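Enquirer: Sharing a structure, written as structure tokens. Questions coming.
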Amino acid sequence: MLYVIGLGLSDEKDITVRGLEAVKGSTRVYLEAYTSILGVGKERLEAFYGKDIIIADRDMVETESDDILRNAQTDDISFLVVGDPFGATTHADLLLRAEALAIPSTVIHNASVMNAVGAVGLALYNFGQTVSIPFFTDSWKPDSWLERVKENAGLGLHTLCLLDIKVKEQSEENLARGRKIFEPPRFMSVPCAIAQLLSLLPTPTSTSNPTPSSPSSSSSTPPPPATLLDPATTLAISLSRVGNPSQTFVAGTLAELSLLGEKAFGGPLHSFVIVGRRFHALERDFARRWAVDPANWDRVAKEVYDVRD
């Protein structure tokens with residue numbers, strides 16, 4: 001049996017009882033270590049689970065899955081995933097490969113940032129497409145994700161932005177030369193992500209004193225193109241280490257968040273939400289607790305998002 005087990009978001013104790021029972025009964029235990037990271041090292045997991053753990057990097061999962069599935073027709077194999085198993089399509093692929101080899105499988109779910117994002121007070125029903133923002137390079141600045149953000153904004157929906165991590169990555173030179181030399185891990189911060197976002201946007205014609213909405217306007221009405229994602233009038237909420245006791249939230253306009261230092265956002269991993277125009281007074285009040293400037297938060301919510309008490 002192949003068990004694909006979600007570990008949750010924080011530490012070794014976030015695993016479910018079912019998941020822990022499956023791990024303890026497994027012959028081999030793998031930890032997927034490239035789509036996300038847990039807040040503790042594998043040594044803590046091994047001590048708590050009472051099992052040796054094999055780190056599974058991207059190369060192993062994508063090119064050596066047969067080794068992961070070896071003897072799974074007769075032995076129990078556990079594949080551990082930070083968050084929920086279906087947070088990345090790679091894990092769906094592993095299940096399909098198991099099925100092709102007539103290996104039975106069981107998925108044991110857990111919390112992920114996809115539902116824990118509700119901790120900032122925004123209604124999960126009002127989220128649109130989730131996007132991943134990759135690190136830019138001098139020669140590579142992909143922007144397909146921005147189209148999804150604009151589509152969500154046009155519908156008044158919130159956008160969860162997941163930020164890039166680089167674990168066991170090779171430089172272009174080492175990759176070209178076939179050298180197994182890896183760069184230090186890197187985790188994208190909220191300031192970096194917002195800077196990349198703003199670099200792709202046209203310079204707004206006006207970023208101050210937005211015109212108040214008329215009383216008859218609807219909060220779900222798409223904003224005009226001139227104000228779509230205007231950094232001075234677009235609200236956002238950052239999240240770091242969601243589910244951990246040290247989790248940190250910061251709320252403000254994109255412009256306000258872009259001016260803060262990295263320390264203001266807490267330790268990695270970071271993500272952030274671009275608030276859509278379907279913004280409710282209860283959501284406004286809940287998130288105000290983390291606002292950089294509570295008065296400006298309320299002003300933009302009223303004048304731009306048409307939030308009424």
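Letters A, B, ... mark the chains of the structure tokens in the order given; residue numbers begin at 1 per chain; ligand numbers begin at 1, in order shown.
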Apply DSSP to the structure's backbone, then extract all residues of range 12-64 of chain A labelled alpha helix (DSSP H) and return them as a list in words.
Expert: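 Checking each residue of range 12-64 of chain A, the alpha helix (DSSP H) ones are Val17, Arg18, Gly19, Leu20, Glu21, Ala22, Val23, Lys24, Lys42, Glu43, Arg44, Leu45, Glu46, Ala47, Phe48, Tyr49, Arg58, Asp59, Met60, Val61, Glu62 and Thr63 of chain A.
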Enquirer: Hey, can you spit out that residue selection with C-alpha atoms as a PDB file, in the first residue's frame?
Expert:
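Generated file (part-v8.pdb):
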```
ATOM      1  CA  VAL A  17      -3.809  10.038  14.129  1.00  0.00           C
ATOM      2  CA  ARG A  18      -4.546   8.020  10.965  1.00  0.00           C
ATOM      3  CA  GLY A  19      -1.454   9.413   9.332  1.00  0.00           C
ATOM      4  CA  LEU A  20       0.753   8.577  12.300  1.00  0.00           C
ATOM      5  CA  GLU A  21      -0.568   5.011  12.422  1.00  0.00           C
ATOM      6  CA  ALA A  22       0.229   4.579   8.715  1.00  0.00           C
ATOM      7  CA  VAL A  23       3.763   5.943   9.187  1.00  0.00           C
ATOM      8  CA  LYS A  24       4.486   3.671  12.137  1.00  0.00           C
ATOM      9  CA  LYS A  42      13.504  15.638   9.649  1.00  0.00           C
ATOM     10  CA  GLU A  43      15.288  14.701  12.891  1.00  0.00           C
ATOM     11  CA  ARG A  44      12.279  15.954  14.865  1.00  0.00           C
ATOM     12  CA  LEU A  45       9.969  13.957  12.629  1.00  0.00           C
ATOM     13  CA  GLU A  46      12.064  10.805  13.019  1.00  0.00           C
ATOM     14  CA  ALA A  47      12.108  11.114  16.806  1.00  0.00           C
ATOM     15  CA  PHE A  48       8.333  11.615  17.012  1.00  0.00           C
ATOM     16  CA  TYR A  49       7.368   9.003  14.408  1.00  0.00           C
ATOM     17  CA  ARG A  58      12.222  16.889  -6.991  1.00  0.00           C
ATOM     18  CA  ASP A  59      14.569  14.688  -9.028  1.00  0.00           C
ATOM     19  CA  MET A  60      13.717  11.578  -7.005  1.00  0.00           C
ATOM     20  CA  VAL A  61       9.962  12.117  -7.137  1.00  0.00           C
ATOM     21  CA  GLU A  62       9.811  12.992 -10.817  1.00  0.00           C
ATOM     22  CA  THR A  63      12.406  10.559 -12.224  1.00  0.00           C
TER      23      THR A  63
END
```
Enquirer: Enumerate the residues of range 11-248 of chain A with a DSSP assignment of strand (DSSP E), computed from the backbone, and present them as a count of residues only.
Expert: 36
Enquirer: Kindly provide the residues of range 102-175 of chain A that approach range 284-303 of chain A to within 9 Å, each paired with its closest atom pair and their distance in Å to one decimal, based on only C-alpha atoms, listed by chain and increasing number, as JSON lines.
Expert:
```
{"residue": "A:Val120", "atom": "CA", "partner": "A:Ala287", "partner_atom": "CA", "distance": 6.0}
{"residue": "A:Gly121", "atom": "CA", "partner": "A:Phe286", "partner_atom": "CA", "distance": 5.5}
{"residue": "A:Leu122", "atom": "CA", "partner": "A:Ala287", "partner_atom": "CA", "distance": 8.0}
```
Enquirer: Grab the residues selected above and save them as a PDB file, in the first residue's frame with C-alpha atoms.
Expert:
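File written: again-v1.pdb
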```
ATOM      1  CA  VAL A 120      -6.881  36.344   8.067  1.00  0.00           C
ATOM      2  CA  GLY A 121     -10.663  36.710   8.159  1.00  0.00           C
ATOM      3  CA  LEU A 122     -11.468  36.590   4.445  1.00  0.00           C
TER       4      LEU A 122
END
```
Enquirer: Applying 9 Å and only C-alpha atoms, which residues near Leu69 in chain A remain after dropping the ones on its own chain fewer than 2 positions away? List them as an MDAnalysis selection string.
Expert: chainID A and resid 2 65:67 71:73 77 94 97:98 101 103
Enquirer: I'd like the neighbourhood of Leu162 in chain A as a PyMOL selection string, where a residue qualifies if any of its atoms comes within 12 Å (using only C-alpha atoms), though same-chain residues fewer than 2 positions away should be ignored.
Expert: chain A and resi 35-36+87-88+112-114+117+129-135+145+149+159-160+164-165+187-190+193-194+238-240+268-274
Enquirer: CA of Ile53 in chain A and CA of Lys180 in chain A are how many Å apart?
Expert: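 Rounded to one decimal, the two atoms are 22.3 Å apart.
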Enquirer: Please provide as number ranges by chain all residues within 9 Å of range 231-236 of chain A, with the sequence filter that same-chain residues fewer than 5 positions apart are discarded (counting only C-alpha atoms).
Expert: A: 198, 204, 206-208, 210, 250-258, 272-276, 297, 300-301, 304-305
Enquirer: Could you jot down the CA of Leu201 in chain A to CA of Lys150 in chain A separation for me, Å, one decimal place?
Expert: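 About the pair CA of Leu201 in chain A and CA of Lys150 in chain A: they are 10.8 Å apart.
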Enquirer: Tell me which protein, DNA and RNA residues are within 12 Å of Pro245 in chain A, counting only C-alpha atoms, leaving out same-chain ones fewer than 2 positions away, and put them as an MDAnalysis selection string.
Expert: chainID A and resid 9:11 39 240:243 247:248 266:267
Enquirer: Just to confirm, what's the straight-line distance from CA of Leu157 in chain A to CA of Cys192 in chain A in Å (one decimal)?
Expert: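 Taking CA of Leu157 in chain A as the start and CA of Cys192 in chain A as the end point, the length is 23.0 Å.
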Enquirer: Using only C-alpha atoms, which protein or nucleic acid residues come within 6 Å of Gly156 in chain A? Drop anything in the same chain fewer than 2 positions from it, and give the result as a ChimeraX atom specification.
Expert: /A:153-154,220,276-278
Enquirer: Would you write out those residues with N, CA and C atoms, as a compact mmCIF listing (two decimals), in the first residue's frame?
Expert:
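Final file, again-v4.txt:
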```txt
# COMPACT_ATOMS: atom_id res chain seq x y z
N ALA A 153 -9.47 39.86 -9.93
CA ALA A 153 -9.81 41.23 -9.56
C ALA A 153 -11.02 41.73 -10.34
N GLY A 154 -11.09 41.37 -11.61
CA GLY A 154 -12.23 41.78 -12.42
C GLY A 154 -13.55 41.21 -11.94
N SER A 220 -19.28 44.46 -5.69
CA SER A 220 -18.83 43.41 -6.60
C SER A 220 -18.64 43.92 -8.02
N GLY A 276 -10.08 41.21 -3.01
CA GLY A 276 -11.01 41.52 -4.09
C GLY A 276 -12.09 42.49 -3.64
N ARG A 277 -12.82 43.03 -4.61
CA ARG A 277 -13.83 44.05 -4.31
C ARG A 277 -15.08 43.49 -3.62
N ARG A 278 -15.23 42.17 -3.59
CA ARG A 278 -16.32 41.58 -2.80
C ARG A 278 -15.84 41.49 -1.35
```
